[in-house]
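query.txt follows (compact mmCIF, C-alpha atoms):
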```txt
# COMPACT_ATOMS: atom_id res chain seq x y z
CA MET A 8 -6.56 -1.34 22.49
CA ARG A 9 -4.92 -4.10 20.45
CA ILE A 10 -1.37 -4.38 19.17
CA LYS A 11 -1.58 -5.04 15.44
CA THR A 12 0.82 -7.84 14.52
CA GLY A 13 1.37 -6.90 10.88
CA ILE A 14 0.78 -10.53 9.88
CA ILE A 15 -1.88 -10.45 7.19
CA GLY A 16 -4.97 -12.44 8.18
CA PHE A 17 -3.68 -13.30 11.66
CA ASP A 18 -5.26 -10.48 13.67
CA THR A 19 -8.67 -11.60 12.40
CA ILE A 20 -8.33 -14.94 14.23
CA ILE A 21 -7.09 -13.47 17.53
CA GLY A 22 -9.73 -10.79 18.07
CA GLY A 23 -7.96 -7.85 16.46
CA GLY A 24 -4.35 -8.28 17.60
CA TYR A 25 -2.32 -8.98 20.73
CA ARG A 26 -3.30 -7.41 24.03
CA PRO A 27 -0.76 -4.77 25.16
CA ASN A 28 2.02 -5.80 27.56
CA THR A 29 1.62 -9.52 27.01
CA VAL A 30 3.94 -12.44 26.29
CA ASN A 31 2.93 -14.33 23.16
CA ILE A 32 4.41 -17.73 22.37
CA VAL A 33 5.07 -18.96 18.81
CA VAL A 34 5.77 -22.71 18.63
CA GLY A 35 6.98 -24.46 15.50
CA ALA A 36 9.62 -26.67 13.94
CA SER A 37 12.56 -25.29 11.98
CA GLY A 38 11.43 -23.84 8.66
CA THR A 39 7.87 -22.99 9.65
CA GLY A 40 8.56 -19.25 9.71
CA LYS A 41 8.94 -18.38 13.39
CA THR A 42 11.67 -15.82 12.72
CA ILE A 43 9.74 -14.30 9.80
CA PHE A 44 6.66 -14.10 12.08
CA SER A 45 8.78 -12.27 14.66
CA LEU A 46 10.35 -9.84 12.19
CA GLN A 47 6.96 -9.10 10.65
CA PHE A 48 5.73 -8.15 14.13
CA LEU A 49 8.73 -5.85 14.60
CA LEU A 50 8.30 -4.36 11.12
CA LYS A 51 4.74 -3.31 11.97
CA GLY A 52 6.07 -1.57 15.04
CA ILE A 53 8.73 0.26 13.05
CA GLU A 54 6.05 1.43 10.62
CA ASN A 55 4.10 2.78 13.62
CA GLY A 56 7.13 4.62 14.99
CA GLU A 57 7.62 2.15 17.85
CA LYS A 58 10.90 0.84 19.23
CA GLY A 59 11.88 -2.79 18.76
CA ILE A 60 14.24 -5.16 20.60
CA TYR A 61 15.32 -8.46 19.07
CA VAL A 62 17.19 -10.96 21.26
CA SER A 63 18.50 -14.02 19.42
CA PHE A 64 20.61 -17.00 20.43
CA ASP A 65 21.35 -17.89 16.80
CA MET A 66 21.44 -14.80 14.57
CA ASP A 67 23.30 -11.51 14.86
CA GLY A 68 22.34 -8.15 13.42
CA LYS A 69 24.06 -8.82 10.09
CA ALA A 70 22.16 -12.10 9.59
CA ILE A 71 18.86 -10.38 10.42
CA MET A 72 19.60 -7.64 7.89
CA VAL A 73 20.32 -10.24 5.19
CA LEU A 74 17.00 -11.99 5.94
CA ALA A 75 15.12 -8.68 5.98
CA GLU A 76 16.61 -7.68 2.63
CA SER A 77 15.62 -11.04 1.12
CA LEU A 78 12.02 -10.27 2.09
CA GLY A 79 12.17 -6.71 0.80
CA TRP A 80 11.84 -5.27 4.30
CA TYR A 81 14.35 -2.46 3.91
CA GLU A 82 12.66 -0.49 6.70
CA LEU A 83 13.97 -3.11 9.13
CA VAL A 84 17.50 -2.75 7.77
CA LYS A 85 17.33 1.01 8.19
CA ALA A 86 15.86 0.62 11.70
CA ILE A 87 18.79 -1.60 12.72
CA GLU A 88 21.27 0.88 11.27
CA ASP A 89 19.75 3.88 13.05
CA GLY A 90 19.12 2.06 16.36
CA THR A 91 15.31 2.07 16.25
CA LEU A 92 15.50 -1.74 16.21
CA LEU A 93 18.09 -3.12 18.59
CA VAL A 94 19.46 -6.57 17.78
CA THR A 95 21.64 -8.59 20.12
CA ARG A 96 22.98 -12.11 19.84
CA SER A 97 23.15 -13.72 23.27
CA HIS A 98 24.97 -16.73 24.61
CA ALA A 99 23.28 -18.39 27.58
CA ASP A 100 24.12 -21.53 29.48
CA SER A 101 21.95 -21.26 32.61
CA ILE A 102 18.59 -20.01 33.80
CA SER A 103 20.32 -17.30 35.85
CA TYR A 104 21.10 -15.58 32.55
CA LEU A 105 17.44 -14.62 32.35
CA ASN A 106 17.76 -12.55 35.50
CA GLU A 107 21.22 -11.11 35.02
CA ASP A 108 21.66 -10.13 31.39
CA ILE A 109 18.64 -10.39 29.12
CA ILE A 110 16.20 -8.51 31.32
CA GLY A 111 18.83 -5.92 32.17
CA TYR A 112 19.44 -5.30 28.48
CA ILE A 113 15.72 -5.07 27.71
CA GLU A 114 14.95 -2.78 30.65
CA ASN A 115 17.82 -0.46 29.76
CA ASN A 116 16.63 -0.11 26.19
CA SER A 117 12.85 -0.15 26.57
CA ASP A 118 10.49 2.71 27.23
CA GLY A 119 7.87 0.31 28.66
CA ASN A 120 6.09 0.20 25.33
CA ALA A 121 8.55 -1.60 23.04
CA ARG A 122 7.99 -4.58 20.77
CA ILE A 123 10.26 -7.34 22.04
CA VAL A 124 11.22 -10.65 20.45
CA ILE A 125 13.09 -13.54 22.08
CA ASP A 126 14.07 -15.90 19.24
CA SER A 127 14.44 -18.68 20.20
CA PHE A 128 13.79 -19.35 23.87
CA THR A 129 14.47 -23.09 23.51
CA PRO A 130 18.30 -23.14 23.89
CA LEU A 131 17.98 -21.44 27.25
CA ILE A 132 15.55 -23.91 28.79
CA SER A 133 15.93 -27.10 26.72
CA SER A 134 17.66 -28.98 29.53
CA LEU A 135 15.38 -27.77 32.30
CA ASP A 136 12.35 -29.28 34.00
CA PHE A 137 9.14 -28.03 35.57
CA THR A 138 10.97 -26.85 38.73
CA VAL A 139 12.04 -23.65 36.93
CA ARG A 140 8.46 -22.48 36.49
CA LYS A 141 8.91 -19.60 38.94
CA ASP A 142 12.01 -18.37 37.13
CA ILE A 143 10.30 -18.35 33.73
CA ASN A 144 7.19 -16.74 35.21
CA TRP A 145 9.36 -13.99 36.70
CA PHE A 146 11.06 -13.48 33.34
CA PHE A 147 7.72 -13.18 31.55
CA ASP A 148 6.50 -10.67 34.13
CA GLN A 149 9.54 -8.47 33.41
CA LEU A 150 8.86 -8.73 29.68
CA ARG A 151 5.27 -7.58 30.24
CA ALA A 152 6.55 -4.53 32.12
CA SER A 153 8.78 -3.62 29.18
CA GLY A 154 6.29 -4.00 26.33
CA THR A 155 4.52 -6.55 24.14
CA SER A 156 6.60 -9.62 23.38
CA ILE A 157 6.90 -12.58 21.07
CA VAL A 158 8.82 -15.59 22.39
CA THR A 159 9.55 -18.35 19.88
CA VAL A 160 9.93 -21.98 20.97
CA GLU A 161 11.26 -24.85 18.88
CA GLU A 162 8.90 -27.79 18.42
CA PRO A 163 10.59 -31.05 19.58
CA PHE A 164 11.28 -33.79 17.03
CA THR A 165 8.73 -35.96 18.82
CA SER A 166 5.98 -33.44 17.88
CA THR A 167 4.74 -33.49 21.47
CA LEU A 168 4.08 -30.18 23.18
CA SER A 169 4.13 -31.67 26.68
CA LYS A 170 7.88 -31.43 27.33
CA PRO A 171 8.88 -28.74 29.86
CA ASP A 172 10.76 -26.59 27.34
CA VAL A 173 7.54 -26.23 25.30
CA ALA A 174 4.78 -26.74 27.86
CA LEU A 175 6.10 -24.17 30.36
CA PRO A 176 6.23 -21.22 27.94
CA ILE A 177 2.79 -22.12 26.53
CA PHE A 178 1.29 -22.39 30.02
CA LEU A 179 2.86 -19.20 31.35
CA GLY A 180 2.42 -17.08 28.22
CA ASP A 181 -0.64 -14.97 27.51
CA SER A 182 -1.17 -16.45 24.08
CA ALA A 183 0.28 -19.29 22.03
CA VAL A 184 0.14 -20.26 18.37
CA TYR A 185 1.38 -23.44 16.72
CA LEU A 186 3.02 -23.23 13.29
CA LYS A 187 3.21 -26.55 11.51
CA ASN A 188 4.48 -27.89 8.19
CA ILE A 189 2.14 -30.76 7.33
CA GLY A 190 3.44 -31.39 3.81
CA TYR A 191 0.12 -31.69 1.97
CA GLY A 192 1.23 -29.67 -1.02
CA GLU A 193 2.08 -26.05 -1.63
CA ALA A 194 -1.35 -24.56 -0.94
CA PHE A 195 -1.76 -26.22 2.46
CA SER A 196 1.77 -27.20 3.41
CA ARG A 197 1.88 -24.85 6.41
CA THR A 198 -0.84 -24.30 9.01
CA ILE A 199 -1.35 -22.10 12.06
CA GLN A 200 -3.48 -22.87 15.10
CA VAL A 201 -4.25 -20.63 18.07
CA ILE A 202 -3.69 -22.78 21.15
CA LYS A 203 -4.70 -20.11 23.67
CA HIS A 204 -5.32 -16.37 23.95
CA ARG A 205 -5.90 -15.45 27.55
CA ALA A 206 -8.72 -12.95 28.27
CA SER A 207 -9.51 -12.70 24.59
CA TRP A 208 -11.62 -14.37 21.95
CA HIS A 209 -9.77 -16.42 19.36
CA ALA A 210 -10.82 -18.58 16.43
CA ASP A 211 -10.88 -22.35 16.69
CA GLY A 212 -9.52 -24.54 13.95
CA VAL A 213 -6.44 -24.79 11.77
CA PHE A 214 -5.73 -22.20 9.08
CA PRO A 215 -3.32 -22.48 6.14
CA TYR A 216 -0.69 -19.82 5.61
CA ARG A 217 1.93 -19.04 3.02
CA ILE A 218 5.16 -17.04 3.04
CA PHE A 219 5.62 -14.50 0.24
CA PRO A 220 8.58 -12.21 -0.47
CA GLY A 221 7.57 -8.68 0.47
CA LEU A 222 4.44 -9.75 2.34
CA GLY A 223 5.89 -12.34 4.69
CA ILE A 224 3.36 -14.66 6.34
CA VAL A 225 -0.20 -14.46 5.01
CA VAL A 226 -2.86 -16.42 6.93
CA GLU A 227 -5.77 -17.61 4.80
CA SER A 228 -8.66 -17.20 7.23
CA ASP A 229 -12.20 -18.07 6.25
CA ILE A 230 -13.68 -16.20 9.21
CA ASP A 231 -16.19 -13.47 8.41
CA GLU A 232 -14.55 -10.09 8.72
CA TYR A 233 -15.68 -7.80 11.52
CA ARG A 234 -18.07 -5.35 9.87
CA GLY A 235 -18.01 -2.44 12.30
CA ALA A 236 -20.19 -1.40 15.23
CA GLU A 237 -22.69 0.68 13.25
CA ASP A 238 -23.53 -2.13 10.84
CA VAL A 239 -23.98 -4.65 13.63
CA GLU A 240 -25.85 -2.25 15.88
CA ALA A 241 -28.45 -1.85 13.13
CA THR A 242 -28.83 -5.61 13.00
CA ILE A 243 -29.21 -6.21 16.73
CA LYS A 244 -32.14 -3.77 16.89
CA ASP A 245 -34.11 -6.64 15.41
CA SER A 246 -37.37 -7.12 17.38
CA ARG A 247 -36.38 -10.70 18.10
CA VAL A 248 -33.38 -9.54 20.18
CA ASP A 249 -34.11 -8.95 23.85
CA ASP A 250 -32.02 -6.73 26.14
CA SER A 251 -30.02 -9.62 27.57
CA LEU A 252 -28.95 -10.97 24.19
CA ARG A 253 -28.31 -7.45 22.90
CA GLU A 254 -25.87 -6.77 25.72
CA ARG A 255 -24.03 -10.03 25.02
CA LEU A 256 -23.71 -9.13 21.36
CA ARG A 257 -22.39 -5.68 22.27
CA PHE A 258 -19.85 -7.35 24.57
CA MET A 259 -18.61 -9.31 21.54
CA ILE A 260 -18.44 -6.16 19.41
CA ASP A 261 -16.40 -4.31 22.06
CA ARG A 262 -13.82 -7.11 21.98
CA ASN A 263 -13.48 -7.24 18.21
CA VAL A 264 -15.03 -10.69 17.89
CA PRO A 265 -15.97 -11.07 14.21
CA VAL A 266 -19.72 -10.41 14.40
CA THR A 267 -21.70 -10.45 11.15
CA LYS A 268 -25.35 -10.44 10.18
CA SER A 269 -25.15 -14.11 9.23
CA LEU A 270 -23.77 -15.00 12.65
CA ILE A 271 -26.49 -13.03 14.41
CA GLU A 272 -29.15 -14.71 12.30
CA ARG A 273 -27.84 -18.13 13.34
CA VAL A 274 -27.77 -17.07 17.00
CA LEU A 275 -31.34 -15.76 16.77
CA ARG A 276 -32.63 -19.02 15.32
CA ILE A 277 -31.01 -20.99 18.14
CA TYR A 278 -32.12 -18.44 20.75
CA GLU A 279 -35.72 -18.54 19.56
CA SER A 280 -35.87 -22.34 19.47
CA GLU A 281 -34.50 -22.60 23.02
CA SER A 282 -36.92 -19.98 24.30
CA LYS A 283 -39.98 -21.92 23.21
```

Entire entry expressed as structure tokens:
Amino acid sequence: MRIKTGIIGFDTIIGGGYRPNTVNIVVGASGTGKTIFSLQFLLKGIENGEKGIYVSFDMDGKAIMVLAESLGWYELVKAIEDGTLLVTRSHADSISYLNEDIIGYIENNSDGNARIVIDSFTPLISSLDFTVRKDINWFFDQLRASGTSIVTVEEPFTSTLSKPDVALPIFLGDSAVYLKNIGYGEAFSRTIQVIKHRASWHADGVFPYRIFPGLGIVVESDIDEYRGAEDVEATIKDSRVDDSLRERLRFMIDRNVPVTKSLIERVLRIYESESK
């Protein structure tokens, strides 16, 4: 099972969606759309009848409602008003806050299957070093027990992802994507790259995305769409496919890797040439 993110074009490049009960890191500078990414993820959950929890260190419920209204996401506004989406603005000044307050709040309001957003994680760990790895790992484990989470992290001004406040969440998270504003003009001014997706296929490369009112983030992926098991099964019955290769192709299909006839044809040509 995959957790659909609601971000148009994004699930295609991460194998169909997030894995359940995982912590997924979104890294990017201010203005790249990290909060919109997070709200879009929560909106999809609301549409599916799921509970959402939004923990922010910058925005309160009123500010989130204003942003949601500007995007035309009135379902989010209603969800905040009726308590389906819980929003809390937190003030943290030490790592112990992870253990004492945030997790307590999430555990008390989660059914173990909630969509959870921590936006942004950076203020809590910006002054820390690699010695707090165990604390952050513990925090992520508690998030996994409560549901599927997005944790946003602010990209440093130096554009290096090796500092502890960025490197630790990326390393300890189950997946990580990098949102970047490269300033090459409107069509390609923003890009997204999957840095990692543990135990799952993901696309390589950098993909442009845009932000539209109503739609939110739309990733422009040039990856062939997954065409369904029946279509691909018919293709892999080709006489050139032996049992070993057939099983590998089925393994890809089971994990929602975008498998198409054109891909299989390329694989067969390589496979045949190497078998000679």

Requested in this report: Take CA of Gly13 (chain A) and CA of Leu49 (chain A) and report the distance between them in Å, one decimal.
Outcome: 8.3 Å

Query raised in the report: So how many Å separate CA of Val266 (chain A) and CA of Asn28 (chain A), to one decimal?
Result: 25.8 Å

**Report entry** Between CA of Trp80 (chain A) and CA of Asp229 (chain A) - distance in Å to one decimal
**Finding:**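 Calculated distance between CA of Asp229 (chain A) and CA of Trp80 (chain A) is 27.3 Å.
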
Work out where the centre of an axis-aligned box around every listed atom of region 47-52 of chain A lies and how long its edges are once 4 Å is added on each side; give both in Å to one decimal as JSON.
```
{"center_x": 6.7, "center_y": -5.3, "center_z": 12.8, "size_x": 12.0, "size_y": 15.5, "size_z": 12.4}
```

**Report entry** Proximity to Arg151 (chain A) - best of A:Leu46, A:Leu92, A:Val30, A:Ile125, all atoms listed in the file
**Finding:**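 Among the listed residues, the smallest separation from Arg151 (chain A) belongs to A:Val30.
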
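Remark: for Asn31 (chain A), the closest of the candidate residues A:Glu254, A:Asp126, A:Glu227, A:Asp89 is A:Asp126 (distances computed over only C-alpha atoms).
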
Query - Distance criterion (all atoms listed in the file): nearest to Ile189 (chain A) out of A:Ile43, A:Val213, A:Ile87, A:Ala174 - result: A:Val213

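Using all atoms listed in the file for every distance, the candidate list A:Asp211, A:Glu279, A:Asp172, A:Glu162 yields A:Glu162 as the residue closest to Lys41 (chain A).
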
Query raised in the report: Do you know which residues are at most 8 Å from Ala210 (chain A) counting all atoms listed in the file, after dropping those on the same chain fewer than 2 positions away, and could you put them as a list in words?
Result: Ile20, Ile21, Val201, Trp208 and Gly212 of chain A

Query raised in the report: Counting only C-alpha atoms, what is within 9 Å of Ile202 (chain A), bar same-chain residues fewer than 4 positions away, as a VMD selection string?
Result: chain A and resid 177 182 to 185 209 211

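Counting all atoms listed in the file and comparing A:Asp67, A:Glu82, A:Glu76, A:Glu88, the residue that lies closest to Glu54 (chain A) is A:Glu82.
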
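Summary of the local environment: counting all atoms listed in the file, residues at most 7 Å from Ile15 (chain A), other than itself and those fewer than 3 positions away along its chain, are Ile224, Val225 and Val226 of chain A.
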
**Report entry** Best match for closeness to Val158 (chain A) among A:Gly35, A:Gly111, A:Pro215, A:Gly221, counting all atoms listed in the file
**Finding:** A:Gly35

Query raised in the report: Could you tell me, as a list in words, which residues have any atom at most 9 Å from (12.4, -11.3, 32.5), counting only C-alpha atoms?
Result: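 Those within range, by chain then number, are Leu105, Asn106, Ile109, Ile110, Gly111, Ile113, Asp142, Ile143, Asn144, Trp145, Phe146, Phe147, Asp148, Gln149, Leu150, Arg151 and Ala152 of chain A.
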
Report task. Give me the residues within 10 Å of Val248 (chain A) as a ChimeraX atom specification, counting only C-alpha atoms and dropping any in the same chain fewer than 4 places off. Result -> /A:242-244,252-254,256,271,274-275,278-279
